[in-house]
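Trainee: Structure file query-v2.cif (mmCIF, C-alpha atoms and all ligand atoms) is given on the next line.
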```cif
data_coords
#
loop_
_atom_site.label_atom_id
_atom_site.label_comp_id
_atom_site.auth_asym_id
_atom_site.auth_seq_id
_atom_site.Cartn_x
_atom_site.Cartn_y
_atom_site.Cartn_z
CA MET L 1 97.45 95.78 86.69
CA ASP L 2 96.20 96.96 83.32
CA LYS L 3 92.98 95.03 82.98
CA LEU L 4 89.94 94.66 85.18
CA THR L 5 89.85 90.98 86.05
CA ILE L 6 89.91 88.72 89.05
CA PRO L 7 92.72 86.34 88.07
CA GLY L 8 91.65 82.73 88.55
CA ASP L 9 88.09 83.50 89.61
CA SER L 10 85.90 84.23 86.62
CA ARG L 11 82.99 82.88 88.64
CA LEU L 12 83.19 85.80 91.06
CA GLU L 13 83.53 88.22 88.12
CA GLU L 14 80.30 86.82 86.75
CA THR L 15 78.58 87.09 90.13
CA ILE L 16 79.63 90.73 90.54
CA ARG L 17 78.48 91.65 87.02
CA ARG L 18 75.14 90.03 87.73
CA GLU L 19 74.63 91.62 91.13
CA VAL L 20 76.11 95.09 90.77
CA GLY L 21 72.76 96.61 89.87
CA HIS L 22 71.19 95.31 93.09
CA LEU L 23 74.02 94.72 95.51
CA PRO L 24 73.13 92.62 98.56
CA GLY L 25 74.65 95.14 100.98
CA GLN L 26 76.89 98.15 101.48
CA ALA L 27 79.83 96.41 103.10
CA PHE L 28 81.70 93.45 101.68
CA ILE L 29 84.47 91.17 102.87
CA PHE L 30 86.67 89.64 100.20
CA SER L 31 88.31 86.63 101.82
CA GLY L 32 89.84 83.42 100.52
CA THR L 33 93.10 82.48 98.84
CA GLY L 34 92.61 84.31 95.54
CA ASP L 35 93.50 87.85 94.53
CA ARG L 36 91.35 89.71 97.05
CA LEU L 37 92.54 93.17 96.08
CA ALA L 38 91.78 92.55 92.40
CA ALA L 39 88.32 91.36 93.39
CA ALA L 40 87.65 94.45 95.50
CA ARG L 41 88.89 96.68 92.69
CA PHE L 42 86.68 94.83 90.23
CA LEU L 43 83.63 95.55 92.39
CA ALA L 44 84.71 99.18 92.92
CA ALA L 45 84.93 99.64 89.15
CA ALA L 46 81.61 97.88 88.61
CA ILE L 47 79.99 100.27 91.08
CA GLN L 48 81.43 103.37 89.38
CA CYS L 49 81.22 102.15 85.77
CA ARG L 50 78.98 103.97 83.29
CA GLY L 51 79.20 101.29 80.61
CA GLU L 52 76.71 98.61 79.66
CA GLU L 53 78.33 95.56 81.16
CA ARG L 54 79.71 96.70 84.46
CA PRO L 55 82.63 96.95 84.81
CA CYS L 56 83.21 97.59 81.09
CA GLY L 57 86.90 98.32 81.64
CA SER L 58 86.97 101.14 79.10
CA CYS L 59 84.77 104.01 80.30
CA GLY L 60 86.25 106.97 82.15
CA PRO L 61 85.38 105.77 85.66
CA CYS L 62 86.68 102.23 84.97
CA ARG L 63 89.97 103.59 83.68
CA LYS L 64 90.30 105.85 86.71
CA VAL L 65 89.68 102.97 89.10
CA LEU L 66 92.30 100.91 87.27
CA ALA L 67 94.80 103.73 87.45
CA GLY L 68 94.00 104.22 91.13
CA ILE L 69 92.91 107.84 90.60
CA HIS L 70 89.11 107.72 90.90
CA PRO L 71 88.19 110.45 93.40
CA ASP L 72 85.34 108.33 94.80
CA VAL L 73 87.34 105.16 95.32
CA MET L 74 89.51 105.59 98.39
CA VAL L 75 92.13 102.99 99.17
CA VAL L 76 92.54 103.22 102.92
CA ARG L 77 96.21 103.15 103.82
CA ASP L 78 98.33 104.60 106.58
CA PRO L 79 101.89 105.04 105.36
CA ASP L 80 103.01 106.46 108.72
CA HIS L 81 102.00 103.52 110.89
CA LYS L 82 102.26 99.77 110.90
CA ASN L 83 98.55 99.42 111.61
CA LEU L 84 95.80 101.75 110.45
CA SER L 85 95.62 104.49 113.03
CA MET L 86 92.48 105.64 114.77
CA GLU L 87 92.98 109.00 113.08
CA VAL L 88 92.82 107.50 109.58
CA LEU L 89 89.65 105.60 110.46
CA ARG L 90 88.05 108.71 111.89
CA GLN L 91 88.84 110.54 108.65
CA VAL L 92 87.18 107.75 106.69
CA ARG L 93 84.12 107.94 108.89
CA GLN L 94 83.89 111.70 108.46
CA ASP L 95 84.50 111.57 104.72
CA ALA L 96 81.71 109.05 104.25
CA TYR L 97 79.18 111.75 105.07
CA VAL L 98 80.48 114.03 102.30
CA LEU L 99 78.68 113.48 98.97
CA PRO L 100 80.57 111.73 96.15
CA ASN L 101 82.62 113.92 93.80
CA GLU L 102 81.89 112.35 90.44
CA GLY L 103 80.09 109.09 90.85
CA GLU L 104 76.89 107.99 92.50
CA ALA L 105 78.76 106.11 95.18
CA LYS L 106 81.82 106.41 97.36
CA VAL L 107 83.89 103.32 97.83
CA TYR L 108 86.32 102.73 100.70
CA LEU L 109 88.69 99.91 99.98
CA PHE L 110 90.71 98.32 102.79
CA PRO L 111 93.46 96.30 101.07
CA ASP L 112 94.54 94.41 104.18
CA CYS L 113 92.41 93.89 107.28
CA GLY L 114 95.46 92.36 108.97
CA ILE L 115 96.45 95.95 109.84
CA LEU L 116 93.02 96.86 111.16
CA GLU L 117 93.02 96.40 114.93
CA ALA L 118 89.88 95.61 116.89
CA LYS L 119 89.77 98.96 118.69
CA THR L 120 90.06 100.89 115.42
CA GLN L 121 87.40 98.75 113.75
CA ASN L 122 84.96 99.98 116.35
CA VAL L 123 85.24 103.47 114.87
CA LEU L 124 83.54 102.17 111.73
CA LEU L 125 80.59 100.43 113.38
CA LYS L 126 78.17 103.30 113.25
CA VAL L 127 78.91 104.28 109.66
CA LEU L 128 78.58 100.65 108.60
CA GLU L 129 75.29 100.45 110.41
CA GLU L 130 73.65 103.68 109.42
CA GLY L 131 75.99 105.48 107.05
CA PRO L 132 74.70 107.15 103.87
CA ALA L 133 73.39 104.81 101.18
CA TYR L 134 76.09 105.88 98.71
CA ALA L 135 78.99 104.75 100.93
CA VAL L 136 80.31 101.26 100.20
CA PHE L 137 83.01 99.50 102.21
CA LEU L 138 85.22 96.77 100.80
CA PHE L 139 87.40 94.79 103.19
CA CYS L 140 90.11 92.47 101.93
CA ALA L 141 90.87 89.94 104.64
CA GLU L 142 92.78 86.68 104.67
CA THR L 143 89.92 85.34 106.75
CA ALA L 144 86.74 87.06 107.86
CA ALA L 145 87.84 86.35 111.45
CA GLN L 146 90.24 89.30 111.16
CA LEU L 147 87.18 91.47 111.57
CA LEU L 148 85.14 91.85 114.73
CA PRO L 149 81.92 89.83 114.81
CA THR L 150 80.03 93.12 115.08
CA VAL L 151 81.66 94.35 111.84
CA ARG L 152 81.28 90.97 110.15
CA SER L 153 77.58 90.85 110.84
CA ARG L 154 77.17 94.05 108.82
CA CYS L 155 79.05 92.66 105.84
CA VAL L 156 78.38 90.28 102.99
CA GLU L 157 81.31 87.90 102.51
CA TRP L 158 82.59 86.98 99.06
CA LYS L 159 85.23 84.27 98.82
CA VAL L 160 87.87 84.80 96.19
CA ARG L 161 89.13 81.55 94.77
CA GLY L 162 92.76 81.07 93.84
CA ALA L 163 93.81 79.63 90.48
CA GLU L 164 94.40 76.21 92.00
CA GLU L 165 90.81 75.99 93.25
CA SER L 166 88.98 77.10 90.13
CA GLY L 167 88.69 75.23 86.88
CA GLU L 168 86.37 72.26 86.94
CA ALA L 169 82.89 72.53 88.37
CA ASP L 170 82.17 70.74 91.63
CA PRO L 171 81.22 67.16 90.64
CA ARG L 172 78.18 67.37 92.92
CA ALA L 173 76.86 70.25 90.81
CA ALA L 174 76.88 68.03 87.71
CA GLU L 175 75.17 65.29 89.72
CA LEU L 176 72.46 67.76 90.78
CA CYS L 177 71.84 68.70 87.13
CA ARG L 178 71.60 65.05 86.13
CA LEU L 179 69.10 64.42 88.93
CA LEU L 180 66.97 67.28 87.64
CA GLU L 181 67.11 65.76 84.19
CA ALA L 182 66.10 62.38 85.54
CA GLY L 183 63.06 64.12 87.06
CA SER L 184 62.91 62.08 90.26
CA VAL L 185 61.81 64.09 93.28
CA PRO L 186 62.86 61.37 95.80
CA ALA L 187 66.36 61.24 94.26
CA LEU L 188 66.57 65.03 94.51
CA ALA L 189 65.48 64.90 98.15
CA ALA L 190 68.09 62.23 98.87
CA PHE L 191 70.77 64.42 97.30
CA PHE L 192 70.01 67.35 99.62
CA THR L 193 69.54 65.12 102.66
CA GLY L 194 72.97 63.70 101.84
CA LEU L 195 74.49 67.18 101.87
CA GLU L 196 72.82 67.99 105.17
CA THR L 197 73.75 64.77 106.96
CA GLY L 198 77.28 65.15 105.56
CA LYS L 199 77.29 68.51 107.40
CA VAL L 200 78.11 70.43 104.25
CA LYS L 201 79.90 73.69 104.97
CA ARG L 202 78.35 76.96 103.88
CA GLU L 203 81.03 77.78 101.32
CA GLU L 204 80.98 74.23 100.00
CA LEU L 205 77.21 74.37 99.50
CA GLN L 206 77.62 77.76 97.90
CA ALA L 207 80.14 76.33 95.42
CA VAL L 208 77.85 73.40 94.57
CA LEU L 209 74.85 75.65 93.97
CA GLU L 210 76.87 78.27 92.10
CA ASP L 211 78.45 75.67 89.84
CA GLY L 212 75.02 74.10 89.35
CA ARG L 213 73.68 77.44 88.22
CA ARG L 214 76.58 77.85 85.80
CA LEU L 215 75.93 74.41 84.32
CA LEU L 216 72.21 75.14 83.88
CA THR L 217 73.02 78.48 82.25
CA ALA L 218 75.48 76.77 79.89
CA ALA L 219 72.81 74.15 79.08
CA LEU L 220 70.31 76.93 78.41
CA LEU L 221 72.69 78.62 75.98
CA TYR L 222 73.22 75.29 74.25
CA ARG L 223 69.46 74.64 74.05
CA SER L 224 68.94 78.12 72.66
CA GLY L 225 71.41 77.43 69.86
CA CYS L 226 74.04 79.79 71.24
CA GLY L 227 76.87 77.31 71.03
CA GLY L 228 78.58 75.14 73.57
CA SER L 229 78.18 71.40 73.85
CA PRO L 230 75.54 69.23 75.53
CA GLY L 231 76.39 68.99 79.21
CA PRO L 232 74.61 68.08 82.45
CA GLY L 233 71.08 69.48 82.38
CA SER L 234 70.80 69.92 78.62
CA GLY L 235 67.90 67.44 78.57
CA LEU L 236 65.71 69.90 80.49
CA THR L 237 63.34 72.32 78.80
CA ARG L 238 64.38 75.95 78.43
CA ARG L 239 61.71 76.94 80.91
CA GLN L 240 63.04 74.46 83.47
CA LEU L 241 66.61 75.62 82.89
CA ASN L 242 65.64 79.25 83.37
CA ARG L 243 63.69 78.54 86.51
CA GLY L 244 66.32 76.16 87.89
CA ALA L 245 69.09 78.74 87.41
CA ASP L 246 66.98 81.37 89.20
CA ILE L 247 66.32 79.04 92.12
CA LEU L 248 70.02 78.27 92.58
CA ASP L 249 70.91 81.95 92.23
CA GLU L 250 68.46 82.90 94.95
CA ALA L 251 69.79 80.16 97.25
CA VAL L 252 73.36 81.43 96.83
CA ARG L 253 72.19 84.89 97.84
CA GLN L 254 70.44 83.48 100.88
CA LEU L 255 73.63 81.73 101.93
CA ARG L 256 75.48 85.02 101.77
CA PHE L 257 72.96 86.42 104.19
CA ASN L 258 73.96 83.68 106.58
CA LEU L 259 70.78 81.73 106.30
CA ASN L 260 71.23 78.32 107.85
CA THR L 261 72.52 75.70 105.36
CA GLY L 262 69.84 73.16 106.30
CA HIS L 263 67.15 75.74 105.72
CA VAL L 264 68.59 76.63 102.31
CA CYS L 265 68.89 72.94 101.33
CA GLY L 266 65.24 72.39 102.23
CA GLY L 267 64.07 75.46 100.31
CA VAL L 268 66.09 74.69 97.17
CA CYS L 269 64.96 71.09 97.18
CA ALA L 270 61.27 72.04 97.37
CA ALA L 271 61.61 74.72 94.68
CA LEU L 272 63.53 72.40 92.33
CA ALA L 273 60.93 69.68 92.84
CA ARG L 274 58.30 72.12 91.58
CA CYS L 275 60.59 73.07 88.72
CA ILE L 276 60.86 69.41 87.62
CA ARG L 277 57.08 69.31 87.23
CA LEU L 278 57.01 72.43 85.01
ZN ZN V 301 83.15 101.10 82.76
#
```
Show how you would write the structure in this file as structure tokens.

Mentor:
Amino acid sequence: MDKLTIPGDSRLEETIRREVGHLPGQAFIFSGTGDRLAAARFLAAAIQCRGEERPCGSCGPCRKVLAGIHPDVMVVRDPDHKNLSMEVLRQVRQDAYVLPNEGEAKVYLFPDCGILEAKTQNVLLKVLEEGPAYAVFLFCAETAAQLLPTVRSRCVEWKVRGAEESGEADPRAAELCRLLEAGSVPALAAFFTGLETGKVKREELQAVLEDGRRLLTAALLYRSGCGGSPGPGSGLTRRQLNRGADILDEAVRQLRFNLNTGHVCGGVCAALARCIRL
């Protein structure tokens, strides 16, 4: 790996760049079918980066993370055992209380939670709960279910999409933008009621809202004369586009905090209805 990217998931790259200055937690699960390790490394570099756009990929800390030699980014492995031993986890726990060497943060990266047994996970509970603010834990897991519910509840989950899933925006996101353009509050309400009665899954709703935000941002760039082509939402005013993108962004964050999908749908719908009237 010679470049900092998350192959096939530029959306997550964008999310991390946007959120690295105010991360929604200290422990993260990277799950999903994409390149989870690349995603975790991307976040680790973003946390340590001293450049403008984090991760810049070219500053000292970024290059060290890429080369796997940053003293404050620990990849937790256990070459002597099939599964991570209790001893290794205890060392991690102890090390977390030692101040960082170079950076402002210490990052512990677990490349594969499949080798993290339940009893060893328990060792981490306390440090996840009340560890120092500079310690960040990144878990790569095929599914979040590989982690104990008690660990999971202390983590923010980020899905990494594989190449086959990315590409086109969710068609419902484009529909949402067109509804905003049409300016009909009842149609907007029907859209969200439809999602709710269709029992939309959390990650599905997250994708719709995230793609919606991307479309509104693209429309805003177009409206501001920064290139691109007219797409869904480009009939809205710049103020509406700005506000709309913020609303969707906030909703995506709420979903990560496990707020109930129905609750989020209701909140977004009400906020967007106000945005239409701007
Ligand atoms: Zn950098």

Trainee: With only C-alpha atoms as the atoms that count, which of L:Leu138, L:Leu220, L:Leu4, L:Leu109 lies nearest to L:Ser58?

Mentor: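 Residue with the minimum atom-to-atom distance to L:Ser58: L:Leu4.
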
Trainee: To check your reading of the model: which residues sit at most 12 Å from ligand ZN 301 (chain V) when counting only C-alpha atoms and all ligand atoms? Write the answer as a count of residues only.

Mentor: 29

Trainee: For stretch 268-274 of chain L, list every protein, DNA or RNA residue within 9 Å, evaluated using all atoms listed in the file, and leave out those in the same chain fewer than 4 positions away; present the list as a list of chain:residue names.

Mentor: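 Returned residues: L:Leu180, L:Gly183, L:Ser184, L:Val185, L:Leu188, L:Ala189, L:Phe191, L:Phe192, L:Arg243, L:Gly244, L:Ile247, L:Leu248, L:Glu250, L:Ala251, L:His263, L:Val264, L:Leu278.
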
Trainee: Out of L:Ala39, L:Ala118, L:Met74, L:Leu125, which residue has the shortest atom-to-atom distance to L:Thr15 when counting all atoms listed in the file?

Mentor: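 Of L:Ala39, L:Ala118, L:Met74, L:Leu125, the one nearest L:Thr15 is L:Ala39, counting all atoms listed in the file.
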
Trainee: When you count only C-alpha atoms, which of these residues is closest to L:Lys82: L:Asn101, L:Gly267, L:Gln146, L:Leu116?

Mentor: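 Under the stated criterion, the closest residue is L:Leu116.
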
Trainee: Atom CA of L:Leu236 to atom CA of L:Arg202: how many Å, to one decimal?

Mentor: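 Pair atom CA of L:Leu236 / atom CA of L:Arg202 returns 27.5 Å.
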
Trainee: Hey, can I get the axis-aligned box for stretch 178-192 of chain L? All listed atoms, 8 Å padding on each side, centre and edge lengths in Å to one decimal, as JSON.

Mentor:
```
{"center_x": 66.7, "center_y": 64.3, "center_z": 91.9, "size_x": 25.8, "size_y": 22.1, "size_z": 31.4}
```

Trainee: Identify the residues within 10 Å of coordinate (93.6, 86.6, 97.6) (same frame as the file), considering all atoms listed in the file, and give the answer as an NGL selection string.

Mentor: :L and (6-7 or 30-39 or 140-143 or 159-163)

Trainee: Quick one: everything within 9 Å of L:Ala207, counting all atoms listed in the file, minus sequence neighbours fewer than 2 positions away in the same chain. Send it as a list in words.

Mentor: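 The filter keeps Ala169, Asp170, Ala173, Arg202, Glu203, Glu204, Leu205, Leu209, Glu210, Asp211, Gly212 and Val252 of chain L.
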
Trainee: Hey, which of L:Val208, L:Leu216, L:Val151, L:Ile115 ends up closest to L:Ser85? Count all atoms listed in the file.

Mentor: L:Ile115

Trainee: Dig up all the protein and nucleic acid residues within 9 Å of (75.5, 92.0, 108.5) in the file frame, using only C-alpha atoms, and format them as a count of residues only.

Mentor: 12

Trainee: Could you tell me how far atom CA of L:Pro132 sits from atom CA of L:Leu99, in Å to one decimal place?

Mentor: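 That distance, rounded to one decimal, is 8.9 Å.
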
Trainee: Suppose you want the space between atom CA of L:Cys177 and atom CA of L:Glu13; what is it in Å?

Mentor: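 These two atoms are separated by 22.8 Å.
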
Trainee: Given the choices L:Ser234, L:Leu89, L:Phe139, L:Gln26, which gets closest to L:Cys113 if the distance is worked out from all atoms listed in the file?

Mentor: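 So, comparing all the options, the nearest one is L:Phe139.
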
Trainee: From the set L:Glu157, L:Glu175, L:Asp112, L:Asp72, which residue has the shortest atom-to-atom contact distance to L:Val136, counting all atoms listed in the file?

Mentor: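 Ranking L:Glu157, L:Glu175, L:Asp112, L:Asp72 by distance to L:Val136, first place goes to L:Asp72.
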